[in-house]
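Participant: Here's a structure for you.
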Amino acid sequence: METTGSATEAELLKRVEDGAETGTAPSATELKKKSCKEVLGFAKLTHWRTAVFFLSLFICLTIVFAFSFIIPCPVRPQYLVTWNRTFSEAATYDFLAIEDASKDKVMDVLFVLKNTEGSQNNTCADAGLPSPCVFVLAVDGTDGETLWERPLDPEFHWAQCGLDKETSRTWDCLLSHSDKLTAVDKFTGDVRWQQPQPPGLHSTVPVLSVPDLDGDKVSDVALVASGNTQTQLVFLSGKTGVQIGSTVVLDYTETANHLLHCTTEGSHYVLLQKDTGLYGLALWRIAANAKAGMEAGLKKDKHWEKNASATSGLVPIYESDSMKQVLRTGEVDNSPNLLLVTGKEVASVDGKNLQIPWRFNTSSVLSEPSFGHFNKDKVLDVVVEEDIGNYTKRVVILDGKSGGVLWEVDLLACPNSPRPAAIHTTNSFSIFVFWGLMPSETNSSVPLTCDRRSYLLYPLYSKVLLEATSFIDHIITFKATLLERGRHAAYIALTGPGTEGAKGTVVLSKRKLKQDVPDSKVLRIGTGGGSESNEDIIEAFKRLRFSDW
């Protein structure tokens with residue numbers, strides 16, 4: 001008798017063998033029943049496997065079909081390698097902002113013109129403004145076409161963009177013109193609010209973006225104005241532009257420059273330059289003076305406050321009688337370090353504990369320092385242009401950690417040369433861009449009308465410079481930047497009359513950084529000059545891939 005209804009083939013064979021030995025082998029009928037069961041079971045399993053296979057195939061084909069025909073593939077922007085916009089009988093100013101104004105993830109260009117008519121047939125008269133008036137324009141980074149333009153009252157004083165980042169504000173650019181302050185949406189050019197300049201206050205850039213002080217859940221702004229006798233600060237609502245509280249007198253000496261510094265404990269300090277050095281003043285102190293109780297939501301830093309003056313509240317950061325500039329460098333422990341430029345030296349200040357990691361002695365710094373990666377220690381290095389006399393400058397790259405000299409070269413200091421710039425690459429180095437003229441390229445040591453040229457430095461080939469031709473026109477302002485995240489490095493230049501605001505031909509141009517590489521001249525500098533051939537150097541520059549910081 002069967003003890004189970006699902007005997008295996010091995011069991012059947014065993015029973016056959018046992019039966020052969022005992023003389024009681026299973027019958028033919030029994031064997032036939034077993035075989036039919038096995039065949040039917042295998043057939044069912046095969047049908048299920050076939051069904052699963054075809055179902056998987058159907059699902060895969062459906063996904064492929066959806067991605068191929070139904071879901072559109074993202075269209076990459078089609079760049080023009082170079083483009084130019086020319087404006088006749090116009091004036092322009094030292095203002096150039098790189099922002100994504102068209103929401104296509106490609107950076108666009110914002111700048112200011114003074115003209116009687118815009119590029120989209122908008123006139124000053126149509127806007128009810130005196131002619132010529134001020135036009136704020138946004139042009140597409142891919143082809144230079146105008147995205148929008150906004151006419152405003154003349155005269156233009158200053159502008160700053162990038163003020164919507166990490167805030168809840170609905171506008172990005174703040175402009176000072178005539179006797180007004182105007183907040184403009186970078187996406188549409190619409191005016192979000194317009195307010196008269198605070199009485200007796202003629203502020204300068206940069207505008208300080210501060211936390212929400214009036215409780216409307218929108219970050220506010222602060223304006224610092226310096227006069228011959230005193231420095232003042234006012235808070236404005238980021239939502240409406242209305243002044244919050246009263247005007248605060250910060251100091252009775254002129255403040256040449258100012259920044260808002262955030263410590264590791266989240267406390268904000270306004271950095272002020274005086275004739276005796278650089279000082280910090282807690283934002284909560286200023287807010288309390290502007291309006292009682294307004295400091296309630298602002299944090300205090302115990303480390304900084306223990307150094308504060310009992311009378312003025314000023315925190316001494318760096319003593320110098322010739323303070324010129326204060327710049328913010330890379331992040332260190334969530335607190336940016338500071339770079340200070342005086343008449344005698346360049347110094348780094350730790351943004352956390354106010355210690356001074358290094359100093360570099362210099363006679364005179366010609367332009368605002370810039371930052372890039374010359375080595376792979378992930379700390380931003382500093383590019384300084386030092387005046388060494390006889391119309392010559394030394395371009396020095398200082399180590400961001402130690403202040404030691406990593407690289408240097410002497411160039412003729414041509415007039416109207418932009419400050420150095422740097423663009424990061426995917427291999428952790430930066431490409432450095434600076435302007436001037438190699439002394440060997442000219443017979444004259446007095447470059448009154450210097451044929452200024454641009455130079456590219458790739459740290460992997462530090463004994464070589466790539467020399468390209470330069471812009472012929474007078475450069476009002478210049479930027480080297482990425483037009484798209486992680487790609488498309490380009491020059492953006494605004495050229496025009498030699499006097500800012502003077503009428504003439506204004507040209508805004510974009511040029512791909514690697515466009516001039518094949519025709520550039522390879523210059524060997526220093527001892528040795530490198531063992532690579534010119535063709536290898538050119539090819540290395542052509543293969544560069546760029547990245548964000």
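Note on naming: chains are A, B, ... as they come in the structure tokens, residues start from 1 per chain, ligands start from 1 in the order shown.
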For the structure I just gave you, how does DSSP split segment 361-516 of chain A - specifically, which residues are strand (DSSP E or B)? Reply as a VMD selection string.
Facilitator: chain A and resid 361 365 370 to 372 381 to 389 392 to 398 405 to 412 421 to 425 430 to 437 453 to 457 464 to 468 475 to 484 487 to 495 504 to 512
Participant: Could you save the residues just selected, with C-alpha atoms, as a short mmCIF file (atom, residue, chain, number, x, y, z; two decimals), in the first residue's frame?
Facilitator:
```cif
data_model
loop_
_atom_site.label_atom_id
_atom_site.label_comp_id
_atom_site.auth_asym_id
_atom_site.auth_seq_id
_atom_site.Cartn_x
_atom_site.Cartn_y
_atom_site.Cartn_z
CA ASN A 361 53.98 90.70 4.15
CA VAL A 365 47.92 94.83 -3.10
CA SER A 370 40.57 85.76 -5.25
CA PHE A 371 40.45 82.11 -4.23
CA GLY A 372 41.06 78.73 -5.85
CA ASP A 381 44.32 79.09 -1.64
CA VAL A 382 44.66 82.86 -2.12
CA VAL A 383 45.66 84.73 -5.29
CA VAL A 384 47.26 88.11 -4.58
CA GLU A 385 48.49 90.73 -7.06
CA GLU A 386 51.35 92.65 -5.46
CA ASP A 387 52.78 95.91 -6.82
CA ILE A 388 56.60 95.54 -7.02
CA GLY A 389 57.27 98.83 -8.80
CA THR A 392 55.28 95.45 -12.70
CA LYS A 393 53.15 93.23 -10.50
CA ARG A 394 53.81 89.85 -8.93
CA VAL A 395 50.97 87.33 -9.05
CA VAL A 396 51.36 85.14 -5.95
CA ILE A 397 49.32 82.08 -4.93
CA LEU A 398 49.43 81.60 -1.14
CA VAL A 405 54.07 80.88 -1.43
CA LEU A 406 52.94 78.05 -3.71
CA TRP A 407 53.51 79.77 -7.06
CA GLU A 408 54.42 83.20 -8.44
CA VAL A 409 55.13 85.05 -11.68
CA ASP A 410 55.98 88.66 -12.61
CA LEU A 411 53.84 90.48 -15.20
CA LEU A 412 53.59 94.01 -16.50
CA ALA A 421 39.64 84.54 -11.16
CA ALA A 422 39.51 80.76 -10.73
CA ILE A 423 37.22 77.95 -11.87
CA HIS A 424 37.23 74.56 -10.16
CA THR A 425 37.77 71.32 -12.10
CA SER A 430 41.34 75.07 -10.16
CA ILE A 431 42.13 76.81 -13.41
CA PHE A 432 43.46 80.26 -12.55
CA VAL A 433 42.85 83.24 -14.85
CA PHE A 434 44.80 86.48 -14.59
CA TRP A 435 45.66 89.44 -16.80
CA GLY A 436 48.74 91.43 -17.73
CA LEU A 437 51.68 91.02 -20.12
CA ARG A 453 46.45 89.53 -22.39
CA SER A 454 44.86 86.78 -20.36
CA TYR A 455 46.74 83.79 -18.94
CA LEU A 456 45.57 80.35 -17.81
CA LEU A 457 47.41 78.39 -15.14
CA VAL A 464 53.61 76.59 -18.05
CA LEU A 465 51.20 79.43 -18.82
CA LEU A 466 48.69 79.47 -21.65
CA GLU A 467 48.59 82.95 -23.19
CA ALA A 468 45.50 84.09 -25.09
CA ILE A 475 36.53 96.42 -19.51
CA ILE A 476 33.96 97.74 -17.05
CA THR A 477 33.60 94.42 -15.25
CA PHE A 478 34.52 90.79 -15.90
CA LYS A 479 33.65 87.35 -14.51
CA ALA A 480 34.88 83.82 -15.15
CA THR A 481 32.15 81.39 -14.15
CA LEU A 482 30.24 78.18 -14.86
CA LEU A 483 27.04 78.74 -16.80
CA GLU A 484 25.65 75.34 -15.85
CA ARG A 487 29.99 72.39 -16.83
CA HIS A 488 30.45 75.11 -19.47
CA ALA A 489 33.11 77.46 -18.10
CA ALA A 490 32.92 80.88 -19.75
CA TYR A 491 34.09 84.49 -19.64
CA ILE A 492 31.43 87.19 -19.22
CA ALA A 493 32.70 90.71 -19.95
CA LEU A 494 30.96 94.07 -19.95
CA THR A 495 32.90 96.67 -21.93
CA GLY A 504 29.18 105.33 -25.79
CA THR A 505 29.06 101.80 -27.20
CA VAL A 506 28.43 99.14 -24.57
CA VAL A 507 29.09 95.46 -25.33
CA LEU A 508 28.12 92.46 -23.21
CA SER A 509 29.90 89.32 -24.40
CA LYS A 510 30.21 85.68 -23.48
CA ARG A 511 33.10 83.51 -24.58
CA LYS A 512 33.70 79.85 -23.78
#
```
Participant: Enumerate, as a list in words, the complete set of residues in segment 467-531 of chain A that a backbone-based DSSP assignment places in helix (DSSP H, G or I).
Facilitator: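 Answer for segment 467-531 of chain A, restricted to helix (DSSP H, G or I): Leu513, Lys514, Gln515, Asp516, Val517, Pro518 and Asp519 of chain A.
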Participant: Mind dumping the selected residues with all heavy atoms as an mmCIF file, in the first residue's frame?
Facilitator:
```cif
data_model
loop_
_atom_site.group_PDB
_atom_site.id
_atom_site.type_symbol
_atom_site.label_atom_id
_atom_site.label_comp_id
_atom_site.auth_asym_id
_atom_site.auth_seq_id
_atom_site.Cartn_x
_atom_site.Cartn_y
_atom_site.Cartn_z
ATOM 1 N N LEU A 513 35.494 79.398 -22.214
ATOM 2 C CA LEU A 513 36.870 79.472 -21.737
ATOM 3 C C LEU A 513 37.813 78.655 -22.615
ATOM 4 O O LEU A 513 38.932 79.085 -22.904
ATOM 5 C CB LEU A 513 36.927 78.994 -20.288
ATOM 6 C CG LEU A 513 38.268 79.099 -19.562
ATOM 7 C CD1 LEU A 513 38.059 79.471 -18.101
ATOM 8 C CD2 LEU A 513 39.038 77.791 -19.644
ATOM 9 N N LYS A 514 37.396 77.469 -23.042
ATOM 10 C CA LYS A 514 38.288 76.598 -23.809
ATOM 11 C C LYS A 514 38.298 76.921 -25.307
ATOM 12 O O LYS A 514 39.015 76.265 -26.060
ATOM 13 C CB LYS A 514 37.885 75.137 -23.609
ATOM 14 C CG LYS A 514 38.127 74.626 -22.200
ATOM 15 C CD LYS A 514 38.128 73.125 -22.119
ATOM 16 C CE LYS A 514 36.773 72.535 -22.346
ATOM 17 N NZ LYS A 514 36.752 71.073 -22.139
ATOM 18 N N GLN A 515 37.534 77.934 -25.706
ATOM 19 C CA GLN A 515 37.466 78.267 -27.126
ATOM 20 C C GLN A 515 38.818 78.716 -27.673
ATOM 21 O O GLN A 515 39.198 78.389 -28.812
ATOM 22 C CB GLN A 515 36.429 79.360 -27.354
ATOM 23 C CG GLN A 515 36.289 79.788 -28.813
ATOM 24 C CD GLN A 515 35.294 80.918 -28.969
ATOM 25 O OE1 GLN A 515 34.646 81.318 -28.000
ATOM 26 N NE2 GLN A 515 35.162 81.442 -30.178
ATOM 27 N N ASP A 516 39.573 79.469 -26.862
ATOM 28 C CA ASP A 516 40.853 80.012 -27.324
ATOM 29 C C ASP A 516 42.027 79.072 -27.079
ATOM 30 O O ASP A 516 43.158 79.396 -27.460
ATOM 31 C CB ASP A 516 41.130 81.349 -26.631
ATOM 32 C CG ASP A 516 40.114 82.414 -26.996
ATOM 33 O OD1 ASP A 516 39.626 82.378 -28.138
ATOM 34 O OD2 ASP A 516 39.810 83.262 -26.138
ATOM 35 N N VAL A 517 41.784 77.935 -26.419
ATOM 36 C CA VAL A 517 42.889 77.041 -26.066
ATOM 37 C C VAL A 517 43.684 76.563 -27.283
ATOM 38 O O VAL A 517 44.917 76.617 -27.290
ATOM 39 C CB VAL A 517 42.374 75.852 -25.235
ATOM 40 C CG1 VAL A 517 43.433 74.748 -25.129
ATOM 41 C CG2 VAL A 517 41.962 76.327 -23.849
ATOM 42 N N PRO A 518 43.037 76.086 -28.359
ATOM 43 C CA PRO A 518 43.832 75.585 -29.496
ATOM 44 C C PRO A 518 44.756 76.621 -30.111
ATOM 45 O O PRO A 518 45.822 76.271 -30.633
ATOM 46 C CB PRO A 518 42.756 75.128 -30.500
ATOM 47 C CG PRO A 518 41.552 74.860 -29.669
ATOM 48 C CD PRO A 518 41.590 75.877 -28.582
ATOM 49 N N ASP A 519 44.384 77.904 -30.072
ATOM 50 C CA ASP A 519 45.183 78.954 -30.689
ATOM 51 C C ASP A 519 46.058 79.708 -29.693
ATOM 52 O O ASP A 519 46.708 80.687 -30.059
ATOM 53 C CB ASP A 519 44.268 79.952 -31.404
ATOM 54 C CG ASP A 519 43.439 79.292 -32.494
ATOM 55 O OD1 ASP A 519 43.973 78.396 -33.172
ATOM 56 O OD2 ASP A 519 42.256 79.662 -32.658
#
```
Participant: Within 9 Å of segment 213-215 of chain A, counting only C-alpha atoms, which residues show up once you throw out same-chain ones fewer than 3 positions away? Write them as a list in words, please.
Facilitator: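 Residues meeting the cut-off are Val210, Val218, Ser219, Asp220, Phe235, Ser237, Ile244, Ala287, Met294, Glu295, Ala296, Gly297 and Leu298 of chain A.
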Participant: Selection from above, N, CA, C and O atoms, as a JSON list (two decimals), in the first residue's frame, can you write it?
Facilitator:
```
[["chain", "number", "residue", "atom", "x", "y", "z"],
["A", 210, "VAL", "N", 19.90, 89.60, 6.83],
["A", 210, "VAL", "CA", 19.82, 89.27, 8.26],
["A", 210, "VAL", "C", 18.59, 88.39, 8.52],
["A", 210, "VAL", "O", 17.68, 88.31, 7.69],
["A", 218, "VAL", "N", 9.78, 86.36, 6.97],
["A", 218, "VAL", "CA", 10.58, 86.68, 5.79],
["A", 218, "VAL", "C", 11.88, 87.32, 6.27],
["A", 218, "VAL", "O", 11.85, 88.26, 7.08],
["A", 219, "SER", "N", 13.02, 86.82, 5.79],
["A", 219, "SER", "CA", 14.32, 87.38, 6.19],
["A", 219, "SER", "C", 14.42, 88.85, 5.79],
["A", 219, "SER", "O", 13.95, 89.24, 4.71],
["A", 220, "ASP", "N", 15.04, 89.63, 6.63],
["A", 220, "ASP", "CA", 15.13, 91.07, 6.41],
["A", 220, "ASP", "C", 16.53, 91.45, 5.91],
["A", 220, "ASP", "O", 17.39, 90.60, 5.72],
["A", 235, "PHE", "N", 17.56, 98.75, 9.46],
["A", 235, "PHE", "CA", 16.96, 97.48, 9.08],
["A", 235, "PHE", "C", 15.74, 97.75, 8.22],
["A", 235, "PHE", "O", 14.94, 98.65, 8.53],
["A", 237, "SER", "N", 12.40, 95.75, 6.19],
["A", 237, "SER", "CA", 11.62, 94.53, 6.05],
["A", 237, "SER", "C", 11.90, 93.88, 4.70],
["A", 237, "SER", "O", 11.82, 94.54, 3.66],
["A", 244, "ILE", "N", 12.53, 99.07, 9.80],
["A", 244, "ILE", "CA", 12.17, 98.44, 11.07],
["A", 244, "ILE", "C", 12.93, 99.15, 12.17],
["A", 244, "ILE", "O", 14.16, 99.15, 12.21],
["A", 287, "ALA", "N", 20.17, 95.38, 16.95],
["A", 287, "ALA", "CA", 18.71, 95.25, 16.88],
["A", 287, "ALA", "C", 18.05, 95.82, 18.13],
["A", 287, "ALA", "O", 16.98, 96.46, 18.05],
["A", 294, "MET", "N", 13.55, 93.61, 19.85],
["A", 294, "MET", "CA", 13.73, 93.01, 18.54],
["A", 294, "MET", "C", 14.88, 92.00, 18.53],
["A", 294, "MET", "O", 15.00, 91.19, 17.62],
["A", 295, "GLU", "N", 15.70, 92.00, 19.58],
["A", 295, "GLU", "CA", 16.84, 91.09, 19.63],
["A", 295, "GLU", "C", 16.47, 89.73, 20.22],
["A", 295, "GLU", "O", 17.33, 88.84, 20.35],
["A", 296, "ALA", "N", 15.21, 89.54, 20.57],
["A", 296, "ALA", "CA", 14.80, 88.35, 21.32],
["A", 296, "ALA", "C", 15.15, 87.05, 20.59],
["A", 296, "ALA", "O", 15.57, 86.07, 21.21],
["A", 297, "GLY", "N", 15.01, 87.00, 19.30],
["A", 297, "GLY", "CA", 15.23, 85.76, 18.55],
["A", 297, "GLY", "C", 16.65, 85.56, 18.06],
["A", 297, "GLY", "O", 16.92, 84.57, 17.36],
["A", 298, "LEU", "N", 17.57, 86.46, 18.41],
["A", 298, "LEU", "CA", 18.94, 86.38, 17.92],
["A", 298, "LEU", "C", 19.85, 85.73, 18.96],
["A", 298, "LEU", "O", 19.72, 85.97, 20.16]]
```
Participant: Record the distance separating atom CA of Pro130 of chain A and atom CA of Thr499 of chain A, expressed in Å with one decimal.
Facilitator: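 According to the coordinates, atom CA of Pro130 of chain A and atom CA of Thr499 of chain A are separated by 22.2 Å.
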Participant: Got a sec: who's within 10 Å of Lys300 of chain A, counting only C-alpha atoms, leaving out chain neighbours fewer than 3 positions off, as number ranges by chain?
Facilitator: A: 263, 265-269, 282-285, 295, 297, 303-305
Participant: Next, write the just-selected residues to a file, as a PDB file, in the first residue's frame, keeping N, CA, C and O atoms as the atom set.
Facilitator:
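Below is the file that was written, again34.pdb:
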```pdb
ATOM      1  N   THR A 263      28.931  83.131  13.440  1.00  0.00           N
ATOM      2  CA  THR A 263      29.848  82.285  14.193  1.00  0.00           C
ATOM      3  C   THR A 263      29.332  80.849  14.243  1.00  0.00           C
ATOM      4  O   THR A 263      28.218  80.555  13.810  1.00  0.00           O
ATOM      5  N   GLU A 265      28.281  79.261  16.712  1.00  0.00           N
ATOM      6  CA  GLU A 265      27.119  79.161  17.584  1.00  0.00           C
ATOM      7  C   GLU A 265      25.891  79.839  17.004  1.00  0.00           C
ATOM      8  O   GLU A 265      24.863  79.942  17.680  1.00  0.00           O
ATOM      9  N   GLY A 266      25.997  80.295  15.742  1.00  0.00           N
ATOM     10  CA  GLY A 266      24.833  80.884  15.073  1.00  0.00           C
ATOM     11  C   GLY A 266      24.568  82.321  15.425  1.00  0.00           C
ATOM     12  O   GLY A 266      23.478  82.837  15.151  1.00  0.00           O
ATOM     13  N   SER A 267      25.558  82.993  16.002  1.00  0.00           N
ATOM     14  CA  SER A 267      25.403  84.403  16.339  1.00  0.00           C
ATOM     15  C   SER A 267      25.950  85.257  15.201  1.00  0.00           C
ATOM     16  O   SER A 267      27.014  84.965  14.649  1.00  0.00           O
ATOM     17  N   HIS A 268      25.237  86.325  14.849  1.00  0.00           N
ATOM     18  CA  HIS A 268      25.627  87.194  13.739  1.00  0.00           C
ATOM     19  C   HIS A 268      26.343  88.434  14.259  1.00  0.00           C
ATOM     20  O   HIS A 268      25.919  89.049  15.251  1.00  0.00           O
ATOM     21  N   TYR A 269      27.424  88.799  13.539  1.00  0.00           N
ATOM     22  CA  TYR A 269      28.194  89.998  13.866  1.00  0.00           C
ATOM     23  C   TYR A 269      28.411  90.819  12.606  1.00  0.00           C
ATOM     24  O   TYR A 269      28.768  90.265  11.557  1.00  0.00           O
ATOM     25  N   ALA A 282      27.853  92.726  17.633  1.00  0.00           N
ATOM     26  CA  ALA A 282      26.795  91.717  17.620  1.00  0.00           C
ATOM     27  C   ALA A 282      25.501  92.290  17.044  1.00  0.00           C
ATOM     28  O   ALA A 282      25.097  93.412  17.377  1.00  0.00           O
ATOM     29  N   LEU A 283      24.865  91.503  16.191  1.00  0.00           N
ATOM     30  CA  LEU A 283      23.617  91.943  15.576  1.00  0.00           C
ATOM     31  C   LEU A 283      22.535  92.143  16.627  1.00  0.00           C
ATOM     32  O   LEU A 283      21.698  93.034  16.500  1.00  0.00           O
ATOM     33  N   TRP A 284      22.562  91.319  17.691  1.00  0.00           N
ATOM     34  CA  TRP A 284      21.529  91.481  18.711  1.00  0.00           C
ATOM     35  C   TRP A 284      21.656  92.822  19.432  1.00  0.00           C
ATOM     36  O   TRP A 284      20.640  93.399  19.861  1.00  0.00           O
ATOM     37  N   ARG A 285      22.893  93.324  19.572  1.00  0.00           N
ATOM     38  CA  ARG A 285      23.079  94.639  20.185  1.00  0.00           C
ATOM     39  C   ARG A 285      22.485  95.737  19.293  1.00  0.00           C
ATOM     40  O   ARG A 285      21.825  96.666  19.777  1.00  0.00           O
ATOM     41  N   GLU A 295      15.703  92.000  19.575  1.00  0.00           N
ATOM     42  CA  GLU A 295      16.842  91.089  19.633  1.00  0.00           C
ATOM     43  C   GLU A 295      16.470  89.729  20.222  1.00  0.00           C
ATOM     44  O   GLU A 295      17.325  88.838  20.347  1.00  0.00           O
ATOM     45  N   GLY A 297      15.007  86.997  19.296  1.00  0.00           N
ATOM     46  CA  GLY A 297      15.231  85.758  18.555  1.00  0.00           C
ATOM     47  C   GLY A 297      16.648  85.557  18.065  1.00  0.00           C
ATOM     48  O   GLY A 297      16.921  84.570  17.362  1.00  0.00           O
ATOM     49  N   HIS A 303      31.938  83.042  23.356  1.00  0.00           N
ATOM     50  CA  HIS A 303      33.373  83.195  23.085  1.00  0.00           C
ATOM     51  C   HIS A 303      33.685  84.586  22.566  1.00  0.00           C
ATOM     52  O   HIS A 303      34.663  85.210  22.986  1.00  0.00           O
ATOM     53  N   TRP A 304      32.865  85.081  21.648  1.00  0.00           N
ATOM     54  CA  TRP A 304      33.103  86.414  21.107  1.00  0.00           C
ATOM     55  C   TRP A 304      32.789  87.495  22.147  1.00  0.00           C
ATOM     56  O   TRP A 304      33.517  88.486  22.264  1.00  0.00           O
ATOM     57  N   GLU A 305      31.708  87.308  22.882  1.00  0.00           N
ATOM     58  CA  GLU A 305      31.269  88.366  23.793  1.00  0.00           C
ATOM     59  C   GLU A 305      32.233  88.586  24.960  1.00  0.00           C
ATOM     60  O   GLU A 305      32.258  89.673  25.545  1.00  0.00           O
TER      61      GLU A 305
END
```
